[in-house]
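Contents: one structure, followed by commentary.
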Amino acid sequence: MSQNGVVIPAEWAPQRAIWTAWPADADEWNGDLEAPRRDVAALVRALSPSNVVRVLVNGDEAEASARAMLGDKAELVRARYGDIWLRDTGPIFARSGAETIALRFATNSWGGKYDLPDDATVGDDVARNAGKPIRRFDFVLEGGAVDHDGEGTVLTTRQTLLNPNRNGWNKQQAEAALREALGAKVVVWIDEGLKNDHTDGHIDNIARFVAPGRVVCQAPSGPDDPNKATLEAIAATLAGATDAAGRRIEVIPIPGAGRYVNALGEISPASHMNFIIGNGIVVVPVYGTATQEAALAALQTVFPDRKVVGVSSRGLLGCGEAGGGSFHCITQQEPA
C-alpha cells in the first residue's frame, strides 16, 4: 500500500462496470468506421450477459450508430474524446480504504505521436459519470503501460516507462512514482514490447497477471514470428522474477498470434494478451491466425471459472496510423 493508502484491485476481482467508447472520428480510422465499430459491438455483446457495459458516444451520429448496433446491450454515455483508447486516457480505478477513487494522470499523446482533442479530459468525464472522486498526479502514465496482481506487484516495460518521450525517468524515479500513485511494492521490468506497437511497448500486449503469482505471455508461433526473440526474452525475465509476496512468478506460455500482416503489408502487433477479464468471462482478441484456437484453449485452462471467448479484433488492430490496439486497450474496468 502506498502512503496514500491506494490499492489497485486485480482485473479478475468483481466489477461494477466495464467502460469503453464508440469509434466516432472517421479520420482516425482511414475513413472506415464500420470495421472498428463491428469489433466493439461484438465485444459489448460478449460482455453484456454478465457485465454492465458503459459505452461513451461522441456526437449525435455516434450515439445513433451505437444505439442501432448495440440495442439494450450497453448503457450509452455522452462524452467528448479523441479516440477510443480508454485504457490509456481513462482513469485507473483504485481502492482507498473502503472508497473507490479514480486516479488521473497527465497524458502527452503516447509520447507526442497522437495528439487528439479531448483525450486529456475524457478521464474526468468517466470518473464523474461513475460518481468517483478524482486523485490527480502530474506525471504521464497510460493504463496499458502497467498490469497489476491486486497485491502490489506491477508489470511494466522499460520501453514505455523509461522512454525519454514520457517523463524522462530513470528506474528509481519510475518505481517511486508507481509506489506513490499505485501502491506498488514490487515492479517487474520487461525490456520491450511487440514490433510496431504504437504505444512504445505497452505491457498489456505482451504479459498479463491472471492470478497472484501467475503471469501469461505469448510463445513464438514459429521461425517466422517477427517477435520471436522478444517473446523468448519476456518469458525468461518473468521466470526469474518474484512478486510482492516473495513468490517466484509462474509463467504460463500461450500460443502467440505470430506473423500478422495488415492490409498495407505491415507487420502488426497482433496479440492474444490484449484480452479483457470481466465478470464470468474473458474476451480474447483473435485475428484469423492458425494458432488462435490453441490460444483460446490454453487460456480456458487458465480461467476455469470463466467462459473464454474469442472475438475478431482485426478492425481495431487496423493498419497504418489507424487502430493499433485491441480489447484491453479500449476498456477500463470499474471495481465493485
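Lettering and numbering for the C-alpha cells are positional, with chains as A, B, ... in the shown order, residues counted from 1 in each chain, and ligands counted from 1 in the shown order.
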**Request:** Go through segment 31-217 of chain A and collect every residue that DSSP, computed from the backbone, puts in alpha helix (DSSP H); the answer should be as a ChimeraX atom specification.
**Result:** /A:34-47,60-70,86-89,109-112,122-130,158-161,171-182
Can you pull out every residue within 7 Å of segment 318-332 of chain A, counting only C-alpha atoms, but drop anything in the same chain fewer than 6 positions away, and send it as a short mmCIF file (atom, residue, chain, number, x, y, z; two decimals) with C-alpha atoms, in the first residue's frame?
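Saved the output as part.cif:
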data_model
loop_
_atom_site.label_atom_id
_atom_site.label_comp_id
_atom_site.auth_asym_id
_atom_site.auth_seq_id
_atom_site.Cartn_x
_atom_site.Cartn_y
_atom_site.Cartn_z
CA ILE A 18 -16.71 -2.02 -17.86
CA TRP A 19 -16.22 1.28 -19.69
CA THR A 20 -15.43 1.55 -23.39
CA ALA A 21 -16.01 4.03 -26.23
CA GLU A 28 -8.68 8.17 -37.07
CA TRP A 29 -9.77 5.02 -38.91
CA ASN A 30 -8.69 5.62 -42.52
CA ILE A 84 -11.45 5.06 -28.06
CA TRP A 85 -8.30 4.03 -26.17
CA LEU A 86 -9.83 4.37 -22.69
CA ARG A 87 -7.29 2.07 -21.05
CA GLY A 144 -1.96 -0.03 -20.64
CA ASP A 197 3.45 -1.18 -31.30
CA HIS A 198 2.12 2.40 -31.48
CA ASN A 262 -2.22 -5.93 -42.23
CA ALA A 263 -3.90 -4.57 -45.36
CA LEU A 264 -0.94 -2.28 -46.06
CA ASN A 274 -4.88 -7.95 -25.05
CA PHE A 275 -7.85 -9.75 -23.50
CA ILE A 276 -10.32 -8.17 -21.09
CA PRO A 285 -8.83 -10.83 -29.47
#
**Item:** Per-residue DSSP, segment 41-261 of chain A, filtered to strand (DSSP E or B), as an MDAnalysis selection string
**Value:** chainID A and resid 53:57 75:78 92:96 99:106 134:140 147:148 153:157 186:190 207:211 214:219 242 248 250:255 261
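For the choices A:Tyr287, A:Ile92, A:Thr107, A:Leu70, the atom-to-atom distance to Leu43 of chain A is smallest for A:Leu70 when using only C-alpha atoms.
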**Request:** Between atom CA of Val7 of chain A and atom CA of Pro335 of chain A, measure the distance and give it in Å to one decimal.
**Result:**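 Computing the Euclidean distance for atom CA of Val7 of chain A and atom CA of Pro335 of chain A yields 11.4 Å.
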**Item:** Non-local contacts of segment 178-186 of chain A (12 Å; only C-alpha atoms; under 3 positions in same chain excluded) as a PyMOL selection string
**Value:** chain A and resi 1-9+92-96+101-105+135-141+143+145-156+161+169+171-175+189+241-247
Dump of C-alpha atoms for the selected residues, as a PDB file, in the first residue's frame:
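Just written: result_37.pdb:
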ATOM      1  CA  MET A   1       0.000   0.000   0.000  1.00  0.00           C
ATOM      2  CA  SER A   2       1.252   3.493  -0.821  1.00  0.00           C
ATOM      3  CA  GLN A   3       1.484   6.206   1.792  1.00  0.00           C
ATOM      4  CA  ASN A   4      -1.813   7.446   0.353  1.00  0.00           C
ATOM      5  CA  GLY A   5      -3.421   4.071   1.081  1.00  0.00           C
ATOM      6  CA  VAL A   6      -4.051   3.090  -2.544  1.00  0.00           C
ATOM      7  CA  VAL A   7      -4.628  -0.451  -3.785  1.00  0.00           C
ATOM      8  CA  ILE A   8      -5.323  -1.331  -7.432  1.00  0.00           C
ATOM      9  CA  PRO A   9      -7.750  -4.287  -7.498  1.00  0.00           C
ATOM     10  CA  ILE A  92      -7.383   3.893 -13.250  1.00  0.00           C
ATOM     11  CA  PHE A  93      -9.909   2.942 -10.590  1.00  0.00           C
ATOM     12  CA  ALA A  94      -8.390   2.190  -7.203  1.00  0.00           C
ATOM     13  CA  ARG A  95      -9.333   1.474  -3.606  1.00  0.00           C
ATOM     14  CA  SER A  96      -8.510   3.903  -0.844  1.00  0.00           C
ATOM     15  CA  ILE A 101     -11.425   6.534  -6.362  1.00  0.00           C
ATOM     16  CA  ALA A 102     -10.358   7.483  -9.892  1.00  0.00           C
ATOM     17  CA  LEU A 103      -6.638   8.051 -10.397  1.00  0.00           C
ATOM     18  CA  ARG A 104      -5.912  10.599 -13.101  1.00  0.00           C
ATOM     19  CA  PHE A 105      -2.574  11.129 -14.792  1.00  0.00           C
ATOM     20  CA  ARG A 135      -6.986  11.934  -7.262  1.00  0.00           C
ATOM     21  CA  ARG A 136      -4.564  13.655  -9.644  1.00  0.00           C
ATOM     22  CA  PHE A 137      -0.908  13.098 -10.443  1.00  0.00           C
ATOM     23  CA  ASP A 138       1.149  15.381 -12.651  1.00  0.00           C
ATOM     24  CA  PHE A 139       3.234  12.741 -14.438  1.00  0.00           C
ATOM     25  CA  VAL A 140       2.429  10.879 -17.657  1.00  0.00           C
ATOM     26  CA  LEU A 141       1.076   7.352 -17.267  1.00  0.00           C
ATOM     27  CA  GLY A 143      -3.146   2.490 -18.055  1.00  0.00           C
ATOM     28  CA  ALA A 145       1.629   0.524 -19.500  1.00  0.00           C
ATOM     29  CA  VAL A 146       1.056  -1.211 -16.140  1.00  0.00           C
ATOM     30  CA  ASP A 147      -0.526  -4.507 -15.104  1.00  0.00           C
ATOM     31  CA  HIS A 148      -1.498  -5.408 -11.522  1.00  0.00           C
ATOM     32  CA  ASP A 149      -1.893  -8.526  -9.383  1.00  0.00           C
ATOM     33  CA  GLY A 150      -4.033  -6.830  -6.717  1.00  0.00           C
ATOM     34  CA  GLU A 151      -1.311  -7.386  -4.113  1.00  0.00           C
ATOM     35  CA  GLY A 152       1.142  -4.649  -5.034  1.00  0.00           C
ATOM     36  CA  THR A 153       3.087  -6.268  -7.880  1.00  0.00           C
ATOM     37  CA  VAL A 154       3.219  -4.230 -11.081  1.00  0.00           C
ATOM     38  CA  LEU A 155       4.394  -5.389 -14.509  1.00  0.00           C
ATOM     39  CA  THR A 156       5.698  -2.779 -16.933  1.00  0.00           C
ATOM     40  CA  LEU A 161       8.035   3.979 -18.679  1.00  0.00           C
ATOM     41  CA  TRP A 169      12.518   8.956 -15.637  1.00  0.00           C
ATOM     42  CA  LYS A 171      14.254   3.285 -12.978  1.00  0.00           C
ATOM     43  CA  GLN A 172      14.375   4.609  -9.426  1.00  0.00           C
ATOM     44  CA  GLN A 173      12.199   7.620 -10.237  1.00  0.00           C
ATOM     45  CA  ALA A 174       9.660   5.450 -12.014  1.00  0.00           C
ATOM     46  CA  GLU A 175       9.400   2.999  -9.137  1.00  0.00           C
ATOM     47  CA  TRP A 189      10.544  -4.793 -15.541  1.00  0.00           C
ATOM     48  CA  ALA A 241      11.125 -12.602 -11.155  1.00  0.00           C
ATOM     49  CA  THR A 242       9.450 -12.650  -7.752  1.00  0.00           C
ATOM     50  CA  ASP A 243       6.292 -10.818  -6.713  1.00  0.00           C
ATOM     51  CA  ALA A 244       5.399  -8.642  -3.731  1.00  0.00           C
ATOM     52  CA  ALA A 245       4.640 -11.729  -1.624  1.00  0.00           C
ATOM     53  CA  GLY A 246       8.074 -13.198  -2.376  1.00  0.00           C
ATOM     54  CA  ARG A 247       6.748 -15.891  -4.720  1.00  0.00           C
TER      55      ARG A 247
END
**Item:** Straight-line distance linking atom CA of Asp115 of chain A with atom CA of Gly90 of chain A, stated in Å to one decimal
**Value:** 15.3 Å
**Item:** Pick from A:Ala17, A:Val210, A:Leu238, A:Ala79 nearest to Val187 of chain A, counting only C-alpha atoms
**Value:**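 Looking only at the distances to Val187 of chain A, the closest residue turns out to be A:Leu238.
Among the candidates A:Val216, A:Ile234, A:Ala46, A:Ala297, the residue lying nearest to Ile281 of chain A is A:Ala46 (atoms considered: only C-alpha atoms).
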**Nearest to Ile249 of chain A, chosen from A:Asp118, A:Val188, A:Thr289, A:Pro226, with only C-alpha atoms counted in the distances** =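 Going through A:Asp118, A:Val188, A:Thr289, A:Pro226 one by one, the smallest distance to Ile249 of chain A is for A:Val188.
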**Prompt:** Between atom CA of Pro269 of chain A and atom CA of Pro223 of chain A, what is the spacing in Å?
**Reply:** 16.6 Å
**Request:** With a distance cut-off of 12 Å and only C-alpha atoms, select the neighbouring residues of Asp72 of chain A, excluding the residue or stretch itself and same-chain residues fewer than 4 positions from it, and output the selection as a PyMOL selection string.
**Result:** chain A and resi 41+44-45+48-49+52-55+66-68+76
Requested write-out: C-alpha atoms of the selected residues, as a PDB file, in the first residue's frame:
ATOM      1  CA  ALA A  41     -20.155  -4.197 -30.923  1.00  0.00           C
ATOM      2  CA  VAL A  44     -20.056  -5.497 -25.987  1.00  0.00           C
ATOM      3  CA  ARG A  45     -22.369  -8.354 -26.957  1.00  0.00           C
ATOM      4  CA  SER A  48     -23.201  -7.914 -21.726  1.00  0.00           C
ATOM      5  CA  PRO A  49     -24.808 -11.082 -20.323  1.00  0.00           C
ATOM      6  CA  VAL A  52     -22.696  -3.771 -17.063  1.00  0.00           C
ATOM      7  CA  VAL A  53     -21.078  -2.168 -20.115  1.00  0.00           C
ATOM      8  CA  ARG A  54     -20.998   1.625 -20.397  1.00  0.00           C
ATOM      9  CA  VAL A  55     -20.125   2.966 -23.843  1.00  0.00           C
ATOM     10  CA  ALA A  66     -24.182   2.768 -31.235  1.00  0.00           C
ATOM     11  CA  ARG A  67     -27.864   2.565 -30.323  1.00  0.00           C
ATOM     12  CA  ALA A  68     -28.672   0.826 -33.600  1.00  0.00           C
ATOM     13  CA  LEU A  76     -24.659   4.876 -23.676  1.00  0.00           C
TER      14      LEU A  76
END
**Message:** Excluding Thr301 of chain A and its own-chain neighbours fewer than 4 positions away, which residues fall within 12 Å of it when counting only C-alpha atoms? Please give them as an NGL selection string.
**Reply:** :A and (210 or 216 or 252-254 or 282 or 294-297 or 305-308)
**For Ala270 of chain A: contacts at 7 Å, only C-alpha atoms, fewer than 2 positions along chain excluded, given as a ChimeraX atom specification** = /A:257,260,268
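Residue nearest Asp25 of chain A, chosen from A:Gly82, A:Gly222, A:Gly278, A:Gly97 and counting only C-alpha atoms: A:Gly82.
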**Message:** I want to know what sits within 9 Å of Arg80 of chain A, based on only C-alpha atoms, with residues of the same chain fewer than 2 positions away left out; could you give that as a list in words?
**Reply:** Leu56, Val57, Asn58, Gly59, Arg78, Gly82, Pro117, Asp118, Asp119, Thr121, Val122 and Asp125 of chain A
